file start-v5.cif (mmCIF, C-alpha atoms)
data_data
loop_
_atom_site.label_atom_id
_atom_site.label_comp_id
_atom_site.auth_asym_id
_atom_site.auth_seq_id
_atom_site.Cartn_x
_atom_site.Cartn_y
_atom_site.Cartn_z
CA SER A 235 125.85 69.52 87.14
CA ALA A 236 122.25 69.63 88.28
CA MET A 237 121.32 69.17 91.93
CA ARG A 238 119.40 65.96 92.71
CA LYS A 239 116.73 65.65 95.37
CA GLN A 240 114.54 63.06 97.01
CA ALA A 241 110.81 62.93 96.34
CA GLY A 242 109.70 64.82 99.46
CA ILE A 243 111.55 68.01 98.56
CA ASP A 244 109.46 70.63 96.76
CA SER A 245 111.66 72.08 94.02
CA LEU A 246 109.26 75.02 93.56
CA SER A 247 109.97 76.13 97.13
CA LEU A 248 113.68 76.92 96.58
CA THR A 249 114.16 80.44 97.96
CA ALA A 250 117.24 82.60 98.28
CA PHE A 251 117.94 84.89 101.23
CA ASP A 252 119.22 88.35 100.28
CA PRO A 253 121.05 90.04 103.19
CA SER A 254 121.09 93.38 101.36
CA ARG A 255 117.31 93.82 101.58
CA GLY A 256 115.94 95.67 104.59
CA THR A 257 117.77 96.03 107.89
CA ILE A 258 118.44 92.31 108.38
CA GLY A 259 117.73 90.99 104.88
CA ASP A 260 114.71 89.46 103.21
CA TYR A 261 113.80 86.70 100.79
CA ALA A 262 114.52 87.29 97.11
CA ASP A 263 111.49 87.63 94.84
CA ALA A 264 112.83 85.28 92.17
CA ALA A 265 113.73 81.63 92.59
CA PRO A 266 117.52 81.16 92.22
CA GLN A 267 118.80 79.52 89.06
CA LEU A 268 122.28 78.91 90.48
CA LEU A 269 123.37 77.98 94.02
CA GLU A 270 126.22 80.26 95.08
CA PRO A 271 128.78 79.17 97.69
CA PHE A 272 128.26 80.57 101.21
CA GLU A 273 124.83 82.01 100.41
CA GLY A 274 121.62 81.12 102.27
CA TYR A 275 118.71 79.16 100.76
CA PHE A 276 115.49 77.62 102.00
CA VAL A 277 113.76 74.57 100.53
CA LYS A 278 110.57 72.87 101.74
CA ASN A 279 110.55 69.23 102.80
CA SER A 280 106.96 67.95 102.48
CA ALA A 281 107.81 64.46 103.71
CA ALA A 282 107.40 63.25 107.29
CA GLN A 283 111.04 62.16 107.45
CA PRO A 284 114.37 63.82 106.63
CA GLU A 285 115.18 64.01 102.92
CA THR A 286 118.48 64.60 101.15
CA LEU A 287 119.72 67.11 98.61
CA PHE A 288 122.62 65.92 96.47
CA VAL A 289 124.75 68.90 95.47
CA PRO A 290 127.65 67.94 93.16
CA PRO A 291 130.87 69.85 93.98
CA VAL A 292 131.23 71.02 90.40
CA GLU A 293 131.47 74.65 89.34
CA ALA A 294 128.70 75.74 87.00
CA PRO A 295 130.05 76.32 83.45
CA THR A 296 128.24 79.62 83.05
CA ARG A 297 126.26 81.87 85.35
CA ALA A 298 122.56 81.22 84.91
CA PRO A 299 120.62 84.25 83.66
CA GLY A 300 118.56 86.05 86.30
CA THR A 301 114.81 85.76 86.41
CA ALA A 302 112.30 88.53 86.56
CA ALA A 303 111.50 90.11 89.92
CA SER A 304 108.06 88.51 89.74
CA GLY A 305 109.67 85.16 90.44
CA GLY A 306 109.20 83.70 86.98
CA VAL A 307 105.59 84.85 86.57
CA ARG A 308 104.92 86.94 83.51
CA SER A 309 104.54 90.69 83.97
CA SER A 310 101.05 91.90 84.75
CA THR A 311 98.88 92.81 81.77
CA VAL A 312 95.19 93.34 81.32
CA ASP A 313 94.88 89.92 79.61
CA ASP A 314 96.95 88.09 82.22
CA GLY A 315 95.30 89.41 85.37
CA TRP A 316 96.92 91.53 88.04
CA ARG A 317 99.31 91.38 91.00
CA ILE A 318 99.49 93.18 94.34
CA ARG A 319 102.64 93.07 96.44
CA LEU A 320 102.35 92.80 100.23
CA ARG A 321 105.04 94.06 102.60
CA ALA A 322 105.09 93.80 106.40
CA GLU A 323 107.53 95.96 108.34
CA SER A 324 108.39 96.28 112.03
CA GLU A 325 111.03 98.50 113.61
CA HIS A 326 113.84 96.02 113.01
CA ALA A 327 112.65 93.67 110.27
CA VAL A 328 110.83 93.48 106.96
CA ASP A 329 109.05 90.76 104.99
CA GLY A 330 108.37 92.05 101.50
CA ALA A 331 108.53 89.14 99.02
CA ASN A 332 104.78 88.42 99.05
CA SER A 333 102.07 88.82 96.42
CA ILE A 334 98.46 88.04 95.59
CA GLY A 335 96.56 88.35 92.32
CA VAL A 336 94.95 86.53 89.43
CA ALA A 337 96.43 84.90 86.34
CA ALA A 338 94.95 83.19 83.31
CA ASP A 339 96.74 79.89 84.04
CA ALA A 340 96.32 79.92 87.84
CA LYS A 341 94.04 77.76 89.96
CA ASP A 342 92.23 78.68 93.14
CA GLY A 343 94.02 75.81 94.91
CA ARG A 344 97.71 74.91 94.98
CA ASP A 345 99.46 75.27 91.63
CA ALA A 346 102.91 75.97 90.21
CA LEU A 347 102.36 79.74 90.47
CA ASP A 348 101.96 79.60 94.27
CA LEU A 349 105.09 79.81 96.43
CA SER A 350 105.51 78.33 99.90
CA LYS A 351 106.50 80.55 102.82
CA PRO A 352 110.04 80.00 104.15
CA PRO A 353 110.63 80.18 107.92
CA ALA A 354 111.55 83.44 109.57
CA ALA A 355 115.21 84.41 109.42
CA PRO A 356 117.34 84.33 112.60
CA GLY A 357 117.25 87.38 114.85
CA GLU A 358 114.34 89.80 115.12
CA TRP A 359 111.76 89.09 112.46
CA VAL A 360 108.34 89.89 111.04
CA GLN A 361 106.36 87.45 108.91
CA LEU A 362 103.45 87.79 106.50
CA GLY A 363 101.85 84.51 105.45
CA LEU A 364 98.99 83.69 103.07
CA ARG A 365 96.52 80.84 103.51
CA LEU A 366 95.05 78.99 100.53
CA PRO A 367 91.23 78.70 100.43
CA PRO A 368 90.04 76.42 103.27
CA GLU A 369 88.35 73.99 100.88
CA THR A 370 91.80 72.98 99.59
CA GLY A 371 92.68 71.46 102.96
CA ASP A 372 96.17 72.98 102.69
CA ARG A 373 97.25 74.46 106.03
CA ASP A 374 100.71 75.62 104.98
CA LEU A 375 101.65 79.27 104.69
CA TYR A 376 102.43 80.82 101.30
CA ARG A 377 104.19 83.96 100.15
CA ARG A 378 102.51 84.05 96.74
CA ASP A 379 98.96 82.96 95.95
CA LEU A 380 97.58 83.60 92.47
CA ARG A 381 93.98 82.67 91.65
CA ALA A 382 91.94 81.93 88.53
CA GLY A 383 90.49 85.04 86.96
CA ALA A 384 86.85 83.88 86.83
CA GLY A 385 84.26 85.26 89.21
CA GLU A 386 83.50 88.66 90.69
CA GLY A 387 86.15 88.66 93.39
CA HIS A 388 88.55 86.70 95.57
CA VAL A 389 89.38 86.40 99.24
CA TRP A 390 92.87 86.02 100.70
CA GLU A 391 93.51 85.19 104.34
CA VAL A 392 96.60 86.92 105.72
CA GLU A 393 98.47 86.18 108.94
CA LEU A 394 100.97 88.55 110.55
CA ARG A 395 103.47 87.57 113.24
CA SER A 396 106.64 89.05 114.67
CA SER A 397 109.29 88.15 117.20
CA THR A 398 108.22 90.83 119.71
CA LEU A 399 104.88 91.00 121.49
CA GLY A 400 103.11 94.35 121.18
CA GLU A 401 105.34 95.92 118.54
CA PRO A 402 103.72 97.84 115.67
CA ILE A 403 103.60 96.13 112.26
CA THR A 404 102.85 98.13 109.13
CA LEU A 405 101.20 96.40 106.18
CA GLU A 406 101.98 98.06 102.84
CA LEU A 407 100.35 97.18 99.51
CA SER A 408 101.66 98.16 96.10
CA ALA A 409 100.80 97.41 92.49
CA GLY A 410 102.82 94.65 90.84
CA GLY A 411 101.98 96.02 87.40
CA ALA A 412 99.05 97.81 85.81
CA LEU A 413 95.82 97.62 87.85
CA SER A 414 92.32 98.32 86.59
CA ASP A 415 90.74 101.52 87.86
CA GLY A 416 87.75 99.45 88.94
CA LEU A 417 89.73 97.06 91.12
CA ARG A 418 88.70 97.51 94.76
CA VAL A 419 90.71 96.13 97.65
CA ARG A 420 89.06 95.86 101.05
CA LEU A 421 90.94 94.87 104.18
CA ILE A 422 88.98 93.18 106.98
CA ASP A 423 90.62 93.22 110.41
CA ARG A 424 89.40 89.97 111.98
CA GLU A 425 90.77 90.91 115.40
CA LEU A 426 89.05 94.31 115.65
CA GLY A 427 85.98 93.43 113.56
CA CYS A 428 86.34 96.37 111.17
CA ALA A 429 86.91 96.88 107.44
CA VAL A 430 88.58 99.54 105.33
CA ASP A 431 89.10 100.12 101.61
CA VAL A 432 92.89 100.19 101.31
CA ARG A 433 92.84 101.31 97.68
CA GLY A 434 91.49 104.82 97.25
CA ALA A 435 89.55 106.26 94.34
CA ASP A 436 92.83 107.64 92.96
CA GLY A 437 94.27 104.10 92.80
CA ALA A 438 96.78 104.69 95.62
CA PHE A 439 97.11 102.19 98.47
CA ARG A 440 96.90 103.09 102.15
CA GLU A 441 99.06 101.56 104.87
CA TYR A 442 97.48 99.59 107.70
CA ARG A 443 99.04 99.23 111.16
CA ILE A 444 98.45 96.58 113.80
CA LEU A 445 100.08 95.55 117.09
CA SER A 446 101.78 92.17 117.04
CA TYR A 447 100.54 89.29 119.18
CA GLY A 448 104.09 87.97 119.21
CA PRO A 449 105.65 84.88 117.62
CA ASN A 450 103.09 82.25 118.64
CA ARG A 451 99.73 83.83 117.81
CA PRO A 452 98.99 85.27 114.36
CA TYR A 453 97.08 88.49 113.74
CA HIS A 454 94.36 87.64 111.20
CA LEU A 455 93.44 89.89 108.29
CA THR A 456 91.40 89.26 105.15
CA LEU A 457 91.87 90.91 101.75
#

call {"tool": "encode", "arguments": {"input": "start-v5.cif", "output": "structure tokens"}}
result
Amino acid sequence: SAMRKQAGIDSLSLTAFDPSRGTIGDYADAAPQLLEPFEGYFVKNSAAQPETLFVPPVEAPTRAPGTAASGGVRSSTVDDGWRIRLRAESEHAVDGANSIGVAADAKDGRDALDLSKPPAAPGEWVQLGLRLPPETGDRDLYRRDLRAGAGEGHVWEVELRSSTLGEPITLELSAGGALSDGLRVRLIDRELGCAVDVRGADGAFREYRILSYGPNRPYHLTL
């Protein structure tokens, strides 16, 4: 039987926690199609008051087929834009289920292809969050933000946090499919006031390292 929810619960935000990823686990790339007993899930409540999920205690008749690692978004092709995966890693934690890019059916504001950012897991943690364009008025963090393909370029605001003040955080970028040779990716460090091309002429991405400001103050980067 299908799970029922109240209006304030964002069904697109349903996220599974995978304890096998990294040293303490990480979020799964794909939205779960079946809720498994004793597993961990996050869901966003957009309402100002508590909302309720109604989960019928009925075993699913068949196991739902898995979704693609892109989280239900079609694989990258030249006609359908491109994707770049973002991964933040500290000594004891990793946050790797993040991506930016463009898609033919995406919007620059909030749309069904964008995924909200779940809270940090218990224990030591590192978090990478994306901000939608400021003109949208949306101040929530996201883990996936795809934009419309029109125009000569796009800007993504990135925030990094971790549970420990002063610890190194490494930002890693990787291709989520085929990328055009002409695609340039520049990282602007808003805290240090410097910029670097993180994709070389050979198409390979370079790592970027920062020192965490701790859990309460984000480190601001722009891609």

call {"tool": "closest_residue", "arguments": {"input": "start-v5.cif", "among": "A:Gly315, A:Phe439, A:His454, A:Leu405", "to": "Leu426 of chain A", "atoms": "all atoms listed in the file"}}
result
A:His454

call {"tool": "closest_residue", "arguments": {"input": "start-v5.cif", "among": "A:Asp314, A:Arg321, A:His326, A:Pro352", "to": "Asp244 of chain A", "atoms": "all atoms listed in the file"}}
result
A:Pro352

call {"tool": "resolve_selection", "arguments": {"input": "start-v5.cif", "expression": "the PyMOL selection byres ((chain A and resi 434) around 12)", "output": "PyMOL selection string"}}
result
chain A and resi 407+415-420+430-433+435-441

call {"tool": "atom_distance", "arguments": {"input": "start-v5.cif", "atom1": "atom CA of Ala331 of chain A", "atom2": "atom CA of Ala265 of chain A"}}
result
11.2 Å

call {"tool": "resolve_selection", "arguments": {"input": "start-v5.cif", "expression": "the PyMOL selection byres ((chain A and resi 338) around 10)", "output": "number ranges by chain"}}
result
A: 313-316, 336-337, 339-341, 380-384

call {"tool": "resolve_selection", "arguments": {"input": "start-v5.cif", "expression": "the PyMOL selection byres ((chain A and resi 258) around 9)", "output": "MDAnalysis selection string"}}
result
chainID A and resid 253:257 259:260 326:328 355 357:359

call {"tool": "atom_distance", "arguments": {"input": "start-v5.cif", "atom1": "atom CA of Leu349 of chain A", "atom2": "atom CA of Gly400 of chain A"}}
result
28.8 Å

call {"tool": "residues_around", "arguments": {"input": "start-v5.cif", "residues": "Val389 of chain A", "least_positions_apart": "3", "cutoff": "9 Å", "atoms": "only C-alpha atoms", "output": "short mmCIF file (atom, residue, chain, number, x, y, z; two decimals) with C-alpha atoms, in the frame of the given file"}}
result
data_model
loop_
_atom_site.label_atom_id
_atom_site.label_comp_id
_atom_site.auth_asym_id
_atom_site.auth_seq_id
_atom_site.Cartn_x
_atom_site.Cartn_y
_atom_site.Cartn_z
CA PRO A 367 91.23 78.70 100.43
CA THR A 456 91.40 89.26 105.15
CA LEU A 457 91.87 90.91 101.75
#

call {"tool": "closest_residue", "arguments": {"input": "start-v5.cif", "among": "A:Ser247, A:Pro368, A:Glu391, A:Gly363", "to": "Asp348 of chain A", "atoms": "all atoms listed in the file"}}
result
A:Ser247

call {"tool": "residues_around", "arguments": {"input": "start-v5.cif", "residues": "Tyr453 of chain A", "least_positions_apart": "5", "cutoff": "9 Å", "atoms": "only C-alpha atoms", "output": "list in words"}}
result
Val392, Glu393, Leu394, Arg395, Asp423, Arg424, Glu425, Ile444, Leu445, Ser446, Tyr447 and Gly448 of chain A

call {"tool": "atom_distance", "arguments": {"input": "start-v5.cif", "atom1": "atom CA of Asp342 of chain A", "atom2": "atom CA of Thr370 of chain A"}}
result
8.6 Å

call {"tool": "residues_around", "arguments": {"input": "start-v5.cif", "residues": "segment 281-285 of chain A", "least_positions_apart": "4", "cutoff": "8 Å", "atoms": "only C-alpha atoms", "output": "PyMOL selection string"}}
result
chain A and resi 239-243

call {"tool": "closest_residue", "arguments": {"input": "start-v5.cif", "among": "A:Phe251, A:Asp374, A:Leu320, A:Ala409", "to": "Asn279 of chain A", "atoms": "all atoms listed in the file"}}
result
A:Asp374

call {"tool": "closest_residue", "arguments": {"input": "start-v5.cif", "among": "A:Cys428, A:Leu248, A:Leu287, A:Val292", "to": "Tyr275 of chain A", "atoms": "all atoms listed in the file"}}
result
A:Leu248

call {"tool": "closest_residue", "arguments": {"input": "start-v5.cif", "among": "A:Gly411, A:Pro353, A:Gly427, A:Gly335", "to": "Phe276 of chain A", "atoms": "only C-alpha atoms"}}
result
A:Pro353

call {"tool": "residues_around", "arguments": {"input": "start-v5.cif", "residues": "Asn332 of chain A", "least_positions_apart": "2", "cutoff": "8 Å", "atoms": "all atoms listed in the file", "output": "ChimeraX atom specification"}}
result
/A:263,319-321,329-330,334,362,377-378

call {"tool": "write_last_selection", "arguments": {"input": "start-v5.cif", "atoms": "C-alpha atoms", "output": "PDB file, in the coordinates of the input"}}
result
ATOM      1  CA  ASP A 263     111.490  87.630  94.840  1.00  0.00           C
ATOM      2  CA  ARG A 319     102.640  93.070  96.440  1.00  0.00           C
ATOM      3  CA  LEU A 320     102.350  92.800 100.230  1.00  0.00           C
ATOM      4  CA  ARG A 321     105.040  94.060 102.600  1.00  0.00           C
ATOM      5  CA  ASP A 329     109.050  90.760 104.990  1.00  0.00           C
ATOM      6  CA  GLY A 330     108.370  92.050 101.500  1.00  0.00           C
ATOM      7  CA  ILE A 334      98.460  88.040  95.590  1.00  0.00           C
ATOM      8  CA  LEU A 362     103.450  87.790 106.500  1.00  0.00           C
ATOM      9  CA  ARG A 377     104.190  83.960 100.150  1.00  0.00           C
ATOM     10  CA  ARG A 378     102.510  84.050  96.740  1.00  0.00           C
TER      11      ARG A 378
END
